[in-house]
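Data block for start.txt (compact mmCIF, C-alpha atoms):
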```txt
# COMPACT_ATOMS: atom_id res chain seq x y z
CA VAL A 1 -16.83 68.33 119.61
CA GLY A 2 -16.49 69.56 116.02
CA ILE A 3 -16.02 67.39 112.96
CA ARG A 4 -12.20 67.64 113.13
CA SER A 5 -11.92 67.57 116.93
CA CYS A 6 -10.53 64.01 116.99
CA TYR A 7 -7.74 65.12 114.66
CA TYR A 8 -6.88 68.21 116.72
CA GLU A 9 -7.19 66.51 120.10
CA GLY A 10 -5.21 63.50 118.91
CA LYS A 11 -2.23 65.70 118.13
CA ARG A 12 -2.45 67.49 121.47
CA CYS A 13 -2.80 64.19 123.32
CA ALA A 14 0.31 62.80 121.62
CA GLU A 15 2.34 65.85 122.64
CA THR A 16 1.11 65.53 126.24
CA LEU A 17 1.99 61.84 126.37
CA PHE A 18 5.49 62.52 125.05
CA MET A 19 6.06 65.25 127.62
CA ASP A 20 4.82 63.01 130.44
CA TYR A 21 7.07 60.18 129.24
CA ARG A 22 10.02 62.58 129.20
CA ARG A 23 9.29 63.79 132.74
CA GLN A 24 8.81 60.27 134.13
CA ASN A 25 11.72 58.57 132.35
CA GLY A 26 14.21 61.33 131.61
CA VAL A 27 14.10 60.53 127.90
CA ARG A 28 15.23 63.15 125.37
CA ILE A 29 12.30 64.07 123.14
CA LYS A 30 11.56 66.61 120.44
CA ILE A 31 8.09 67.72 119.39
CA VAL A 32 7.56 68.84 115.84
CA ARG A 33 4.30 70.20 114.49
CA ILE A 34 4.18 69.17 110.85
CA PHE A 35 2.33 71.41 108.43
CA ASN A 36 0.85 70.53 105.03
CA THR A 37 3.54 68.34 103.44
CA TYR A 38 3.55 66.83 99.95
CA GLY A 39 5.90 64.96 97.66
CA PRO A 40 6.57 61.63 95.99
CA ARG A 41 5.28 58.53 97.77
CA MET A 42 2.01 60.16 98.80
CA ASN A 43 -0.99 57.88 98.69
CA PRO A 44 -3.04 58.83 95.63
CA ASP A 45 -6.24 58.26 97.58
CA ASP A 46 -5.27 59.99 100.82
CA GLY A 47 -7.74 62.84 100.37
CA ARG A 48 -5.15 65.61 100.58
CA VAL A 49 -5.56 68.55 98.26
CA VAL A 50 -2.20 68.17 96.45
CA SER A 51 -2.59 64.47 95.68
CA ASN A 52 -6.29 64.92 94.84
CA PHE A 53 -5.60 67.68 92.33
CA ILE A 54 -2.67 65.88 90.69
CA VAL A 55 -4.48 62.56 90.34
CA GLN A 56 -7.67 64.23 89.08
CA ALA A 57 -5.66 66.25 86.53
CA LEU A 58 -3.69 63.24 85.30
CA ARG A 59 -6.86 61.21 84.92
CA GLY A 60 -8.63 64.05 83.10
CA GLU A 61 -11.25 64.25 85.85
CA GLN A 62 -12.76 67.44 87.19
CA ILE A 63 -10.64 69.21 89.80
CA THR A 64 -12.73 69.38 92.96
CA ILE A 65 -12.48 72.66 94.86
CA TYR A 66 -14.49 73.11 98.03
CA GLY A 67 -15.94 76.58 98.45
CA ASN A 68 -14.80 79.45 96.26
CA GLY A 69 -11.14 78.37 96.38
CA GLU A 70 -9.92 81.59 97.94
CA GLN A 71 -8.96 79.90 101.21
CA THR A 72 -5.17 79.72 101.57
CA ARG A 73 -2.81 76.89 102.37
CA SER A 74 0.94 76.63 102.80
CA PHE A 75 2.59 73.66 101.11
CA GLN A 76 5.89 72.15 102.27
CA TYR A 77 7.91 69.72 100.18
CA ILE A 78 8.93 66.55 102.02
CA ASP A 79 12.69 67.24 101.77
CA ASP A 80 12.25 70.50 103.71
CA LEU A 81 10.32 68.68 106.43
CA VAL A 82 12.97 65.98 106.77
CA GLU A 83 15.76 68.58 106.95
CA GLY A 84 13.89 70.48 109.66
CA MET A 85 13.29 67.33 111.70
CA ILE A 86 16.91 66.24 111.45
CA ARG A 87 18.08 69.66 112.59
CA LEU A 88 15.63 69.57 115.49
CA MET A 89 17.02 66.23 116.62
CA ASP A 90 20.70 66.98 115.98
CA ASP A 91 21.19 70.69 116.54
CA THR A 92 19.13 71.59 119.60
CA PRO A 93 20.07 71.20 123.27
CA ASP A 94 18.74 68.16 125.11
CA ASP A 95 16.55 70.33 127.32
CA PHE A 96 14.82 71.91 124.31
CA THR A 97 11.74 69.85 123.44
CA GLY A 98 9.73 72.24 121.29
CA PRO A 99 7.10 72.15 119.98
CA VAL A 100 8.52 73.52 116.73
CA ASN A 101 6.41 74.27 113.67
CA ILE A 102 7.94 72.80 110.53
CA GLY A 103 6.18 74.08 107.44
CA ASN A 104 6.36 76.56 104.61
CA PRO A 105 4.84 79.98 105.34
CA ASN A 106 4.33 80.84 101.65
CA GLU A 107 0.58 80.94 101.10
CA PHE A 108 -1.36 79.98 97.98
CA THR A 109 -5.07 79.96 97.39
CA ILE A 110 -6.63 76.65 96.50
CA ASN A 111 -7.48 78.20 93.12
CA GLU A 112 -3.80 79.02 92.58
CA LEU A 113 -2.78 75.46 93.45
CA ALA A 114 -5.32 74.07 90.98
CA ALA A 115 -4.08 76.40 88.23
CA ILE A 116 -0.45 75.40 88.81
CA VAL A 117 -1.30 71.67 88.79
CA LEU A 118 -3.30 72.07 85.57
CA GLU A 119 -0.42 73.98 83.96
CA LEU A 120 2.29 71.52 85.04
CA THR A 121 0.29 68.42 84.06
CA GLY A 122 -0.97 69.90 80.79
CA SER A 123 -4.40 68.62 81.77
CA LYS A 124 -7.60 69.91 80.21
CA SER A 125 -9.55 69.09 83.38
CA LYS A 126 -12.19 71.59 84.44
CA ILE A 127 -12.74 73.01 87.90
CA MET A 128 -15.80 71.84 89.85
CA HIS A 129 -16.81 73.77 92.97
CA MET A 130 -18.47 71.90 95.82
CA PRO A 131 -19.89 73.26 99.08
CA LEU A 132 -17.27 74.24 101.63
CA PRO A 133 -17.23 71.94 104.68
CA SER A 134 -18.20 73.82 107.84
CA ASP A 135 -14.88 73.03 109.54
CA ASP A 136 -12.65 74.17 106.67
CA PRO A 137 -10.28 76.94 107.84
CA GLN A 138 -9.84 80.00 105.63
CA GLN A 139 -6.10 80.12 106.24
CA ARG A 140 -3.34 77.74 107.28
CA LYS A 141 0.03 79.37 107.64
CA PRO A 142 2.70 78.13 110.04
CA ASP A 143 4.72 80.51 112.17
CA ILE A 144 8.23 79.12 111.71
CA SER A 145 10.09 81.81 113.66
CA LEU A 146 11.13 79.34 116.38
CA ALA A 147 12.37 76.87 113.76
CA ARG A 148 14.46 79.61 112.14
CA LYS A 149 15.96 80.51 115.51
CA MET A 150 16.59 77.04 116.96
CA LEU A 151 17.42 75.07 113.80
CA ASN A 152 20.41 77.06 112.56
CA ASP A 153 18.39 79.35 110.28
CA TRP A 154 16.38 76.48 108.82
CA GLU A 155 14.14 77.66 106.04
CA PRO A 156 12.11 75.74 103.45
CA THR A 157 14.04 75.81 100.17
CA ILE A 158 11.87 73.87 97.71
CA GLN A 159 9.41 76.17 95.95
CA LEU A 160 5.89 74.88 95.25
CA ARG A 161 6.32 74.55 91.49
CA ASP A 162 9.61 72.65 91.82
CA GLY A 163 8.15 70.24 94.34
CA LEU A 164 5.01 69.75 92.28
CA VAL A 165 7.07 68.79 89.22
CA LYS A 166 8.68 65.95 91.21
CA THR A 167 5.38 64.92 92.76
CA ILE A 168 3.57 64.92 89.42
CA ALA A 169 6.32 62.73 87.92
CA TYR A 170 5.80 60.23 90.74
CA PHE A 171 2.03 60.11 90.19
CA GLU A 172 2.45 59.84 86.41
CA ASP A 173 4.66 56.82 86.96
CA ILE A 174 2.35 54.96 89.32
CA LEU A 175 -0.76 55.78 87.31
CA SER A 176 0.91 54.60 84.08
CA ARG A 177 1.71 51.27 85.73
CA GLY A 178 -1.88 50.91 86.88
CA SER A 179 -0.73 50.81 90.49
CA VAL A 180 -3.74 52.81 91.61
CA ARG A 181 -7.36 51.77 91.47
CA HIS A 182 -9.73 54.21 89.82
```
Structure rendered as structure tokens:
Amino acid sequence: VGIRSCYYEGKRCAETLFMDYRRQNGVRIKIVRIFNTYGPRMNPDDGRVVSNFIVQALRGEQITIYGNGEQTRSFQYIDDLVEGMIRLMDDTPDDFTGPVNIGNPNEFTINELAAIVLELTGSKSKIMHMPLPSDDPQQRKPDISLARKMLNDWEPTIQLRDGLVKTIAYFEDILSRGSVRH
């Protein structure tokens, strides 16, 4: 009944429905659990930490960090997610459904992410700390051992800085065209 319970239960419900559909209809399914993914084509107003920080930095606004910023997150570039999903669909036996965690286990604090975004954008934005929401986890780190085993040694290959450079370029382009409301 927590603040994020609809989000968590929605994901579990979807997995259950897929498994029931498979059992009833004999359909081949694969269940992937997607972890924090970023990259070009993100919605600038989606409320995710990567897009928030980039857009705030490019606009010269304060970078909003909730809590002290020492909570960790693992960030996966979209190309790594797509590669993992394709391998799950193509390279696993029909009777293997998962679920398989697809994410990047490299952890960064929120403070580290903000510092990297500020460096890569060249922004002079300042950090603003806000109260930490009560449901905010201190750590999010996927266990990708099953993905490594079942997906032909799949491993995320795009490092955070490299992915952020591409993502920042995307946001610079759409912001320069005025494609995003302020």
Counting all atoms listed in the file, which residues of region 51-121 of chain A fall within 6 Å of region 15-37 of chain A, and what is the closest atom pair for each with its distance in Å at one decimal, ordered by chain and rising number, as a Markdown table?
```
| residue | atom | partner | partner_atom | distance |
| --- | --- | --- | --- | --- |
| A:Phe75 | CA | A:Asn36 | CA | 5.3 |
| A:Gln76 | CA | A:Thr37 | CA | 4.6 |
| A:Tyr77 | CA | A:Thr37 | CA | 5.6 |
| A:Ile78 | CA | A:Thr37 | CA | 5.9 |
| A:Thr97 | CA | A:Lys30 | CA | 4.4 |
| A:Gly98 | CA | A:Ile31 | CA | 5.2 |
| A:Pro99 | CA | A:Ile31 | CA | 4.6 |
| A:Val100 | CA | A:Val32 | CA | 4.9 |
| A:Asn101 | CA | A:Arg33 | CA | 4.7 |
| A:Ile102 | CA | A:Ile34 | CA | 5.2 |
| A:Gly103 | CA | A:Phe35 | CA | 4.8 |
```
Who sits within 8 Å of Gly84 (chain A), only C-alpha atoms, same chain under 5 positions skipped, as a ChimeraX atom specification: /A:102,147,151,154
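What separates CA of Asp90 (chain A) from CA of Asn104 (chain A) is a distance of 20.7 Å.
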Counting all atoms listed in the file, what is within 8 Å of region 125-142 of chain A, bar same-chain residues fewer than 6 positions away, as a JSON list (two decimals) with C-alpha atoms, keeping the file's coordinate frame?
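selection.json, written as the output of this step:
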```
[["chain", "number", "residue", "atom", "x", "y", "z"],
["A", 2, "GLY", "CA", -16.49, 69.56, 116.02],
["A", 3, "ILE", "CA", -16.02, 67.39, 112.96],
["A", 4, "ARG", "CA", -12.20, 67.64, 113.13],
["A", 35, "PHE", "CA", 2.33, 71.41, 108.43],
["A", 56, "GLN", "CA", -7.67, 64.23, 89.08],
["A", 57, "ALA", "CA", -5.66, 66.25, 86.53],
["A", 60, "GLY", "CA", -8.63, 64.05, 83.10],
["A", 61, "GLU", "CA", -11.25, 64.25, 85.85],
["A", 62, "GLN", "CA", -12.76, 67.44, 87.19],
["A", 63, "ILE", "CA", -10.64, 69.21, 89.80],
["A", 64, "THR", "CA", -12.73, 69.38, 92.96],
["A", 65, "ILE", "CA", -12.48, 72.66, 94.86],
["A", 66, "TYR", "CA", -14.49, 73.11, 98.03],
["A", 67, "GLY", "CA", -15.94, 76.58, 98.45],
["A", 68, "ASN", "CA", -14.80, 79.45, 96.26],
["A", 70, "GLU", "CA", -9.92, 81.59, 97.94],
["A", 71, "GLN", "CA", -8.96, 79.90, 101.21],
["A", 72, "THR", "CA", -5.17, 79.72, 101.57],
["A", 73, "ARG", "CA", -2.81, 76.89, 102.37],
["A", 74, "SER", "CA", 0.94, 76.63, 102.80],
["A", 101, "ASN", "CA", 6.41, 74.27, 113.67],
["A", 102, "ILE", "CA", 7.94, 72.80, 110.53],
["A", 103, "GLY", "CA", 6.18, 74.08, 107.44],
["A", 104, "ASN", "CA", 6.36, 76.56, 104.61],
["A", 105, "PRO", "CA", 4.84, 79.98, 105.34],
["A", 106, "ASN", "CA", 4.33, 80.84, 101.65],
["A", 107, "GLU", "CA", 0.58, 80.94, 101.10],
["A", 118, "LEU", "CA", -3.30, 72.07, 85.57]]
```
CA of Val55 (chain A) to CA of Glu112 (chain A), distance in Å rounded to a single decimal: 16.6 Å
What is the CA of Gly39 (chain A) to CA of Gly163 (chain A) distance in Å?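 Distance reported for this atom pair: 6.6 Å.
Between Leu113 (chain A) and the residues A:Tyr170, A:Phe96, A:Tyr7, A:Phe53, the shortest atom-to-atom distance, using all atoms listed in the file, involves A:Phe53.
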Would you kindly identify which residues have an atom no farther than 9 Å from (3.3, 59.2, 94.1), using all atoms listed in the file and the file's own coordinates, and write them out as number ranges by chain? A: 39-44, 51, 167-175
Selection file, C-alpha atoms, as a CSV table (one decimal), keeping the file's coordinate frame:
```
chain,number,residue,atom,x,y,z
A,39,GLY,CA,5.9,65.0,97.7
A,40,PRO,CA,6.6,61.6,96.0
A,41,ARG,CA,5.3,58.5,97.8
A,42,MET,CA,2.0,60.2,98.8
A,43,ASN,CA,-1.0,57.9,98.7
A,44,PRO,CA,-3.0,58.8,95.6
A,51,SER,CA,-2.6,64.5,95.7
A,167,THR,CA,5.4,64.9,92.8
A,168,ILE,CA,3.6,64.9,89.4
A,169,ALA,CA,6.3,62.7,87.9
A,170,TYR,CA,5.8,60.2,90.7
A,171,PHE,CA,2.0,60.1,90.2
A,172,GLU,CA,2.4,59.8,86.4
A,173,ASP,CA,4.7,56.8,87.0
A,174,ILE,CA,2.4,55.0,89.3
A,175,LEU,CA,-0.8,55.8,87.3
```
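Residues in contact range of Asp153 (chain A), defined as at most 12 Å between all atoms listed in the file, with sequence neighbours fewer than 6 positions away removed, read A:Glu83, A:Gly84, A:Arg87, A:Leu88, A:Asp91, A:Ile144, A:Ser145, A:Leu146, A:Ala147.
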How about saving the chosen residues, C-alpha atoms kept, as a tab-separated table (two decimals), in the coordinates of the input?
```tsv
chain	number	residue	atom	x	y	z
A	83	GLU	CA	15.76	68.58	106.95
A	84	GLY	CA	13.89	70.48	109.66
A	87	ARG	CA	18.08	69.66	112.59
A	88	LEU	CA	15.63	69.57	115.49
A	91	ASP	CA	21.19	70.69	116.54
A	144	ILE	CA	8.23	79.12	111.71
A	145	SER	CA	10.09	81.81	113.66
A	146	LEU	CA	11.13	79.34	116.38
A	147	ALA	CA	12.37	76.87	113.76
```
I need the residue nearest Lys149 (chain A) from this list: A:Asn111, A:Asp162, A:Leu81, A:Thr92. Use all atoms listed in the file for the distance. A:Thr92
Starting from the incomplete input, reconstruct N, CA and C atoms of region 36-72 of chain A and report them as a PDB file, in the coordinates of the input.
```
ATOM      1  N   ASN A  36       1.225  71.096 106.317  1.00  0.00           N
ATOM      2  CA  ASN A  36       0.850  70.530 105.030  1.00  0.00           C
ATOM      3  C   ASN A  36       2.065  70.140 104.172  1.00  0.00           C
ATOM      4  N   THR A  37       2.360  68.858 104.130  1.00  0.00           N
ATOM      5  CA  THR A  37       3.540  68.340 103.440  1.00  0.00           C
ATOM      6  C   THR A  37       3.098  67.502 102.238  1.00  0.00           C
ATOM      7  N   TYR A  38       3.862  67.597 101.160  1.00  0.00           N
ATOM      8  CA  TYR A  38       3.550  66.830  99.950  1.00  0.00           C
ATOM      9  C   TYR A  38       4.856  66.358  99.328  1.00  0.00           C
ATOM     10  N   GLY A  39       4.735  65.446  98.395  1.00  0.00           N
ATOM     11  CA  GLY A  39       5.900  64.960  97.660  1.00  0.00           C
ATOM     12  C   GLY A  39       5.672  63.554  97.158  1.00  0.00           C
ATOM     13  N   PRO A  40       6.663  63.010  96.468  1.00  0.00           N
ATOM     14  CA  PRO A  40       6.570  61.630  95.990  1.00  0.00           C
ATOM     15  C   PRO A  40       6.290  60.673  97.157  1.00  0.00           C
ATOM     16  N   ARG A  41       5.650  59.587  96.834  1.00  0.00           N
ATOM     17  CA  ARG A  41       5.280  58.530  97.770  1.00  0.00           C
ATOM     18  C   ARG A  41       3.982  58.825  98.538  1.00  0.00           C
ATOM     19  N   MET A  42       3.316  59.923  98.197  1.00  0.00           N
ATOM     20  CA  MET A  42       2.010  60.160  98.800  1.00  0.00           C
ATOM     21  C   MET A  42       1.045  59.090  98.304  1.00  0.00           C
ATOM     22  N   ASN A  43       0.060  58.804  99.103  1.00  0.00           N
ATOM     23  CA  ASN A  43      -0.990  57.880  98.690  1.00  0.00           C
ATOM     24  C   ASN A  43      -1.932  58.631  97.759  1.00  0.00           C
ATOM     25  N   PRO A  44      -2.165  58.130  96.574  1.00  0.00           N
ATOM     26  CA  PRO A  44      -3.040  58.830  95.630  1.00  0.00           C
ATOM     27  C   PRO A  44      -4.470  59.013  96.133  1.00  0.00           C
ATOM     28  N   ASP A  45      -4.881  58.201  97.065  1.00  0.00           N
ATOM     29  CA  ASP A  45      -6.240  58.260  97.580  1.00  0.00           C
ATOM     30  C   ASP A  45      -6.307  58.779  99.009  1.00  0.00           C
ATOM     31  N   ASP A  46      -5.318  59.561  99.418  1.00  0.00           N
ATOM     32  CA  ASP A  46      -5.270  59.990 100.820  1.00  0.00           C
ATOM     33  C   ASP A  46      -6.196  61.156 101.143  1.00  0.00           C
ATOM     34  N   GLY A  47      -6.790  61.759 100.132  1.00  0.00           N
ATOM     35  CA  GLY A  47      -7.740  62.840 100.370  1.00  0.00           C
ATOM     36  C   GLY A  47      -7.109  64.202 100.588  1.00  0.00           C
ATOM     37  N   ARG A  48      -5.806  64.307 100.437  1.00  0.00           N
ATOM     38  CA  ARG A  48      -5.150  65.610 100.580  1.00  0.00           C
ATOM     39  C   ARG A  48      -5.290  66.397  99.291  1.00  0.00           C
ATOM     40  N   VAL A  49      -5.272  67.703  99.415  1.00  0.00           N
ATOM     41  CA  VAL A  49      -5.560  68.550  98.260  1.00  0.00           C
ATOM     42  C   VAL A  49      -4.509  68.383  97.157  1.00  0.00           C
ATOM     43  N   VAL A  50      -3.239  68.285  97.486  1.00  0.00           N
ATOM     44  CA  VAL A  50      -2.200  68.170  96.450  1.00  0.00           C
ATOM     45  C   VAL A  50      -2.362  66.868  95.678  1.00  0.00           C
ATOM     46  N   SER A  51      -2.451  65.755  96.381  1.00  0.00           N
ATOM     47  CA  SER A  51      -2.590  64.470  95.680  1.00  0.00           C
ATOM     48  C   SER A  51      -3.927  64.395  94.935  1.00  0.00           C
ATOM     49  N   ASN A  52      -4.989  64.913  95.529  1.00  0.00           N
ATOM     50  CA  ASN A  52      -6.290  64.920  94.840  1.00  0.00           C
ATOM     51  C   ASN A  52      -6.196  65.654  93.509  1.00  0.00           C
ATOM     52  N   PHE A  53      -5.675  66.875  93.549  1.00  0.00           N
ATOM     53  CA  PHE A  53      -5.600  67.680  92.330  1.00  0.00           C
ATOM     54  C   PHE A  53      -4.730  67.018  91.264  1.00  0.00           C
ATOM     55  N   ILE A  54      -3.583  66.496  91.669  1.00  0.00           N
ATOM     56  CA  ILE A  54      -2.670  65.880  90.690  1.00  0.00           C
ATOM     57  C   ILE A  54      -3.324  64.656  90.055  1.00  0.00           C
ATOM     58  N   VAL A  55      -3.868  63.781  90.869  1.00  0.00           N
ATOM     59  CA  VAL A  55      -4.480  62.560  90.340  1.00  0.00           C
ATOM     60  C   VAL A  55      -5.684  62.909  89.461  1.00  0.00           C
ATOM     61  N   GLN A  56      -6.523  63.829  89.901  1.00  0.00           N
ATOM     62  CA  GLN A  56      -7.670  64.230  89.080  1.00  0.00           C
ATOM     63  C   GLN A  56      -7.202  64.808  87.751  1.00  0.00           C
ATOM     64  N   ALA A  57      -6.174  65.639  87.773  1.00  0.00           N
ATOM     65  CA  ALA A  57      -5.660  66.250  86.530  1.00  0.00           C
ATOM     66  C   ALA A  57      -5.088  65.194  85.604  1.00  0.00           C
ATOM     67  N   LEU A  58      -4.308  64.276  86.138  1.00  0.00           N
ATOM     68  CA  LEU A  58      -3.690  63.240  85.300  1.00  0.00           C
ATOM     69  C   LEU A  58      -4.718  62.287  84.715  1.00  0.00           C
ATOM     70  N   ARG A  59      -5.796  62.087  85.420  1.00  0.00           N
ATOM     71  CA  ARG A  59      -6.860  61.210  84.920  1.00  0.00           C
ATOM     72  C   ARG A  59      -7.852  61.955  84.026  1.00  0.00           C
ATOM     73  N   GLY A  60      -7.699  63.265  83.906  1.00  0.00           N
ATOM     74  CA  GLY A  60      -8.630  64.050  83.100  1.00  0.00           C
ATOM     75  C   GLY A  60      -9.969  64.255  83.779  1.00  0.00           C
ATOM     76  N   GLU A  61     -10.020  64.057  85.090  1.00  0.00           N
ATOM     77  CA  GLU A  61     -11.250  64.250  85.850  1.00  0.00           C
ATOM     78  C   GLU A  61     -11.385  65.714  86.253  1.00  0.00           C
ATOM     79  N   GLN A  62     -12.562  66.083  86.698  1.00  0.00           N
ATOM     80  CA  GLN A  62     -12.760  67.440  87.190  1.00  0.00           C
ATOM     81  C   GLN A  62     -11.942  67.643  88.469  1.00  0.00           C
ATOM     82  N   ILE A  63     -11.379  68.838  88.597  1.00  0.00           N
ATOM     83  CA  ILE A  63     -10.640  69.210  89.800  1.00  0.00           C
ATOM     84  C   ILE A  63     -11.673  69.715  90.812  1.00  0.00           C
ATOM     85  N   THR A  64     -11.739  69.050  91.947  1.00  0.00           N
ATOM     86  CA  THR A  64     -12.730  69.380  92.960  1.00  0.00           C
ATOM     87  C   THR A  64     -12.199  70.424  93.934  1.00  0.00           C
ATOM     88  N   ILE A  65     -12.823  71.589  93.921  1.00  0.00           N
ATOM     89  CA  ILE A  65     -12.480  72.660  94.860  1.00  0.00           C
ATOM     90  C   ILE A  65     -13.682  72.884  95.765  1.00  0.00           C
ATOM     91  N   TYR A  66     -13.422  72.869  97.062  1.00  0.00           N
ATOM     92  CA  TYR A  66     -14.490  73.110  98.030  1.00  0.00           C
ATOM     93  C   TYR A  66     -14.561  74.594  98.346  1.00  0.00           C
ATOM     94  N   GLY A  67     -15.752  75.149  98.243  1.00  0.00           N
ATOM     95  CA  GLY A  67     -15.940  76.580  98.450  1.00  0.00           C
ATOM     96  C   GLY A  67     -15.511  77.344  97.209  1.00  0.00           C
ATOM     97  N   ASN A  68     -15.185  78.625  97.398  1.00  0.00           N
ATOM     98  CA  ASN A  68     -14.800  79.450  96.260  1.00  0.00           C
ATOM     99  C   ASN A  68     -13.328  79.329  95.885  1.00  0.00           C
ATOM    100  N   GLY A  69     -12.555  78.584  96.683  1.00  0.00           N
ATOM    101  CA  GLY A  69     -11.140  78.370  96.380  1.00  0.00           C
ATOM    102  C   GLY A  69     -10.231  79.491  96.811  1.00  0.00           C
ATOM    103  N   GLU A  70     -10.756  80.471  97.496  1.00  0.00           N
ATOM    104  CA  GLU A  70      -9.920  81.590  97.940  1.00  0.00           C
ATOM    105  C   GLU A  70      -9.280  81.343  99.303  1.00  0.00           C
ATOM    106  N   GLN A  71      -9.628  80.234  99.966  1.00  0.00           N
ATOM    107  CA  GLN A  71      -8.960  79.900 101.210  1.00  0.00           C
ATOM    108  C   GLN A  71      -7.497  79.572 100.895  1.00  0.00           C
ATOM    109  N   THR A  72      -6.605  79.892 101.825  1.00  0.00           N
ATOM    110  CA  THR A  72      -5.170  79.720 101.570  1.00  0.00           C
ATOM    111  C   THR A  72      -4.619  78.520 102.333  1.00  0.00           C
TER     112      THR A  72
END
```
